[in-house]
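input27.txt (compact mmCIF, C-alpha atoms)
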# COMPACT_ATOMS: atom_id res chain seq x y z
CA MET A 12 5.98 9.19 10.73
CA LYS A 13 7.05 6.52 8.28
CA HIS A 14 6.43 2.84 8.81
CA GLU A 15 10.15 2.20 8.31
CA ALA A 16 10.93 4.36 11.34
CA LEU A 17 9.35 1.69 13.57
CA LEU A 18 11.88 -0.85 12.27
CA SER A 19 14.92 1.33 12.73
CA LYS A 20 17.62 0.14 15.09
CA GLU A 21 17.38 3.37 17.09
CA PHE A 22 13.64 3.04 17.71
CA LEU A 23 13.76 -0.67 18.57
CA SER A 24 16.71 -0.26 20.93
CA GLY A 25 14.95 2.65 22.64
CA ALA A 26 11.75 0.63 22.96
CA THR A 27 13.76 -2.26 24.43
CA PHE A 28 15.39 0.04 26.98
CA MET A 29 12.00 1.43 27.97
CA LEU A 30 10.56 -2.09 28.31
CA ILE A 31 13.43 -3.16 30.58
CA ALA A 32 13.02 0.02 32.64
CA ALA A 33 9.26 -0.57 32.94
CA LEU A 34 9.91 -4.13 34.12
CA ALA A 35 12.41 -2.85 36.68
CA LEU A 36 9.89 -0.31 37.94
CA TYR A 37 7.19 -2.97 38.12
CA PHE A 38 9.24 -5.56 39.98
CA GLY A 39 10.77 -2.95 42.30
CA ARG A 40 7.48 -1.28 43.21
CA ASP A 41 7.32 -2.87 46.67
CA LEU A 42 10.85 -1.81 47.66
CA THR A 43 11.16 1.11 50.08
CA ILE A 44 12.69 4.14 48.38
CA GLY A 45 13.67 6.14 51.43
CA THR A 46 15.28 9.58 51.21
CA ALA A 47 18.52 10.90 49.80
CA THR A 48 20.15 10.72 53.23
CA ARG A 49 18.63 7.37 54.22
CA MET A 50 18.34 5.42 51.00
CA GLY A 51 16.14 2.36 51.01
CA PRO A 52 16.65 -0.79 48.93
CA GLY A 53 14.52 0.64 46.11
CA PHE A 54 16.38 3.94 45.74
CA PHE A 55 19.12 2.82 43.35
CA PRO A 56 16.92 0.55 41.18
CA LEU A 57 14.40 3.37 40.82
CA GLY A 58 17.07 5.88 39.78
CA LEU A 59 18.65 3.40 37.37
CA ALA A 60 15.28 2.51 35.84
CA LEU A 61 14.39 6.18 35.37
CA CYS A 62 17.75 6.89 33.70
CA LEU A 63 17.29 3.88 31.42
CA MET A 64 13.76 5.04 30.61
CA ALA A 65 15.06 8.51 29.64
CA ILE A 66 17.80 7.06 27.44
CA GLY A 67 15.29 4.73 25.80
CA LEU A 68 12.84 7.55 25.20
CA ALA A 69 15.56 9.69 23.61
CA ALA A 70 16.66 6.85 21.33
CA ALA A 71 13.08 5.99 20.34
CA VAL A 72 12.20 9.61 19.54
CA LYS A 73 15.41 9.96 17.51
CA GLY A 74 14.51 6.82 15.58
CA LEU A 75 10.99 8.08 14.91
CA LEU A 76 12.06 11.55 13.83
CA PHE A 77 15.17 10.78 11.81
CA GLY A 78 14.78 7.11 10.93
CA GLY A 79 18.01 5.21 10.65
CA GLU A 80 19.38 1.87 9.64
CA LEU A 81 16.67 -0.75 9.37
CA VAL A 82 16.84 -4.02 11.28
CA GLU A 83 17.25 -7.02 9.00
CA ARG A 84 14.93 -10.00 9.36
CA THR A 85 17.76 -12.31 10.35
CA THR A 86 18.44 -10.07 13.34
CA PHE A 87 15.15 -11.19 14.89
CA ARG A 88 16.13 -14.89 14.89
CA PRO A 89 17.41 -15.03 18.48
CA PHE A 90 14.33 -13.12 19.66
CA PHE A 91 11.92 -15.64 18.13
CA VAL A 92 13.90 -18.58 19.51
CA PHE A 93 13.90 -17.03 22.99
CA LEU A 94 10.19 -16.18 22.75
CA ALA A 95 9.37 -19.73 21.61
CA VAL A 96 11.18 -21.31 24.56
CA LEU A 97 9.64 -18.80 26.97
CA CYS A 98 6.12 -19.54 25.69
CA PHE A 99 6.76 -23.28 26.01
CA ALA A 100 7.85 -22.86 29.62
CA VAL A 101 4.83 -20.72 30.47
CA LEU A 102 2.25 -22.88 28.64
CA ILE A 103 3.37 -26.43 29.55
CA GLY A 104 1.86 -26.34 33.06
CA PRO A 105 -1.56 -24.77 32.62
CA PHE A 106 -2.29 -25.67 28.98
CA GLY A 107 -0.58 -29.01 28.45
CA LEU A 108 1.93 -30.54 26.09
CA VAL A 109 0.04 -30.00 22.82
CA ALA A 110 -0.47 -26.25 23.31
CA ALA A 111 3.09 -25.74 24.55
CA LEU A 112 4.64 -27.63 21.62
CA THR A 113 2.37 -25.85 19.15
CA ALA A 114 3.52 -22.48 20.47
CA LEU A 115 7.16 -23.59 20.56
CA ILE A 116 7.19 -24.79 16.97
CA GLY A 117 4.92 -22.08 15.59
CA ILE A 118 6.85 -19.18 17.10
CA GLY A 119 10.20 -20.87 16.50
CA SER A 120 9.37 -21.26 12.81
CA LEU A 121 9.19 -17.47 12.53
CA SER A 122 12.96 -17.38 12.96
CA GLY A 123 13.40 -19.13 9.61
CA MET A 124 13.63 -17.37 6.31
CA ALA A 125 11.00 -19.36 4.44
CA ILE A 126 7.96 -20.34 6.47
CA ARG A 127 5.98 -23.21 4.97
CA PRO A 128 2.72 -23.67 6.89
CA LEU A 129 2.21 -27.31 5.89
CA GLN A 130 5.69 -28.27 7.04
CA VAL A 131 5.17 -26.43 10.33
CA LEU A 132 1.83 -28.19 10.86
CA ALA A 133 3.37 -31.59 10.06
CA LEU A 134 6.22 -30.91 12.48
CA ILE A 135 3.75 -29.93 15.22
CA VAL A 136 1.75 -33.14 14.77
CA LEU A 137 4.83 -35.37 14.61
CA LEU A 138 6.51 -33.82 17.64
CA CYS A 139 3.31 -33.92 19.69
CA VAL A 140 2.88 -37.63 18.97
CA PHE A 141 6.59 -38.34 19.53
CA SER A 142 6.70 -36.36 22.78
CA TRP A 143 3.58 -38.12 24.05
CA ALA A 144 5.05 -41.51 23.15
CA VAL A 145 8.39 -40.84 24.83
CA PHE A 146 7.45 -38.83 27.91
CA VAL A 147 3.89 -39.84 28.79
CA TRP A 148 3.63 -43.40 27.51
CA GLY A 149 7.27 -44.54 27.62
CA LEU A 150 8.61 -42.78 30.73
CA ASN A 151 5.26 -42.42 32.56
CA MET A 152 5.88 -38.74 33.28
CA PRO A 153 2.84 -36.95 34.70
CA LEU A 154 2.49 -34.41 31.88
CA ALA A 155 -0.90 -32.99 30.98
CA ILE A 156 -1.61 -33.43 27.27
CA TRP A 157 -4.59 -31.06 27.08
CA PRO A 158 -5.69 -28.18 29.31
CA PHE A 159 -8.85 -30.07 30.33

Can the structure from this file be put into structure tokens for me?
Amino acid sequence: MKHEALLSKEFLSGATFMLIAALALYFGRDLTIGTATRMGPGFFPLGLALCLMAIGLAAAVKGLLFGGELVERTTFRPFFVFLAVLCFAVLIGPFGLVAALTALIGIGSLSGMAIRPLQVLALIVLLCVFSWAVFVWGLNMPLAIWPF
């Protein structure tokens, strides 16, 4: 198995299909499946998730065995932006503004072509101070700054 095979479009699309199918199986685990004659609310989602899992497995195996066209770095841009916003939303409550903004800017910077650590660090510091000044001090919003 070549390292390039893990970055092929076939493998990554298959892995994405399997991830979506696994999430569907996880979130639908409490639904009653029923029988073929008396289908429950979980029957169709289970069948659809299993079909998606099989298609994803076939695509991933094809990508591993035969390789294929590699994914370019710029293709990952929307993924990093989405991941950055998702991490911000998850971290803002339990970990505070500083941790959430650090994750947002740090992960979001991965979507750029040239990552300059000093510029990213300066942006984190400036946006943390600016966000504190606007939201906590200026607008008196009850945002936690630190997790403690």

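In this model, the gap between CA of Ile118 in chain A and CA of Val72 in chain A comes to 29.4 Å.
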
Near Ser24 in chain A, within 8 Å and counting all atoms listed in the file, which residues show up once chain neighbours fewer than 4 positions away are dropped, as a ChimeraX atom specification? /A:20,28,67,70-71

Just to confirm, what's the straight-line distance from CA of Leu18 in chain A to CA of Pro89 in chain A in Å (one decimal)?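 Between these atoms lies a distance of 16.4 Å.
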
Polymer residues at most 12 Å from range 73-84 of chain A, all atoms listed in the file, same-chain spacing of 3 or more positions, as a ChimeraX atom specification: /A:12-26,66-70,87-91,121-125

From the list A:Leu36, A:Met50, A:Leu129, A:Ile156, the nearest residue to Val109 in chain A using only C-alpha atoms is A:Ile156

Just how far from CA of Ala110 in chain A is CA of Ala95 in chain A, in Å to one decimal?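 Result for CA of Ala95 in chain A versus CA of Ala110 in chain A: 11.9 Å, one decimal.
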
Spatial neighbours of Phe55 in chain A, 12 Å, all atoms listed in the file, chain gap at least 3 places, as a CSV table (one decimal) with C-alpha atoms, in the coordinates of the input:
chain,number,residue,atom,x,y,z
A,35,ALA,CA,12.4,-2.8,36.7
A,36,LEU,CA,9.9,-0.3,37.9
A,39,GLY,CA,10.8,-3.0,42.3
A,42,LEU,CA,10.8,-1.8,47.7
A,43,THR,CA,11.2,1.1,50.1
A,44,ILE,CA,12.7,4.1,48.4
A,45,GLY,CA,13.7,6.1,51.4
A,46,THR,CA,15.3,9.6,51.2
A,47,ALA,CA,18.5,10.9,49.8
A,49,ARG,CA,18.6,7.4,54.2
A,50,MET,CA,18.3,5.4,51.0
A,51,GLY,CA,16.1,2.4,51.0
A,52,PRO,CA,16.6,-0.8,48.9
A,58,GLY,CA,17.1,5.9,39.8
A,59,LEU,CA,18.6,3.4,37.4
A,60,ALA,CA,15.3,2.5,35.8
A,61,LEU,CA,14.4,6.2,35.4
A,62,CYS,CA,17.8,6.9,33.7

Considering all atoms listed in the file, return as a list in words whatever protein or nucleic-acid residues lie within 10 Å of Phe106 in chain A, sequence-local ones (same chain, fewer than 6 positions apart) excluded.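 Final neighbour list, sorted by chain and number: Phe99, Ala155, Ile156, Trp157, Pro158 and Phe159 of chain A.
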
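The shortest atom-to-atom distance to Leu108 in chain A, with all atoms listed in the file taken into account, belongs to A:Ser142 out of A:Gln130, A:Ser120, A:Ser142, A:Asn151.
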
Where's the centre, and what are the edge lengths in Å to one decimal, of a box along x, y and z enclosing all listed atoms of range 33-44 of chain A padded 3 Å per side, as JSON?
{"center_x": 9.9, "center_y": -0.7, "center_z": 41.5, "size_x": 11.5, "size_y": 15.7, "size_z": 23.1}
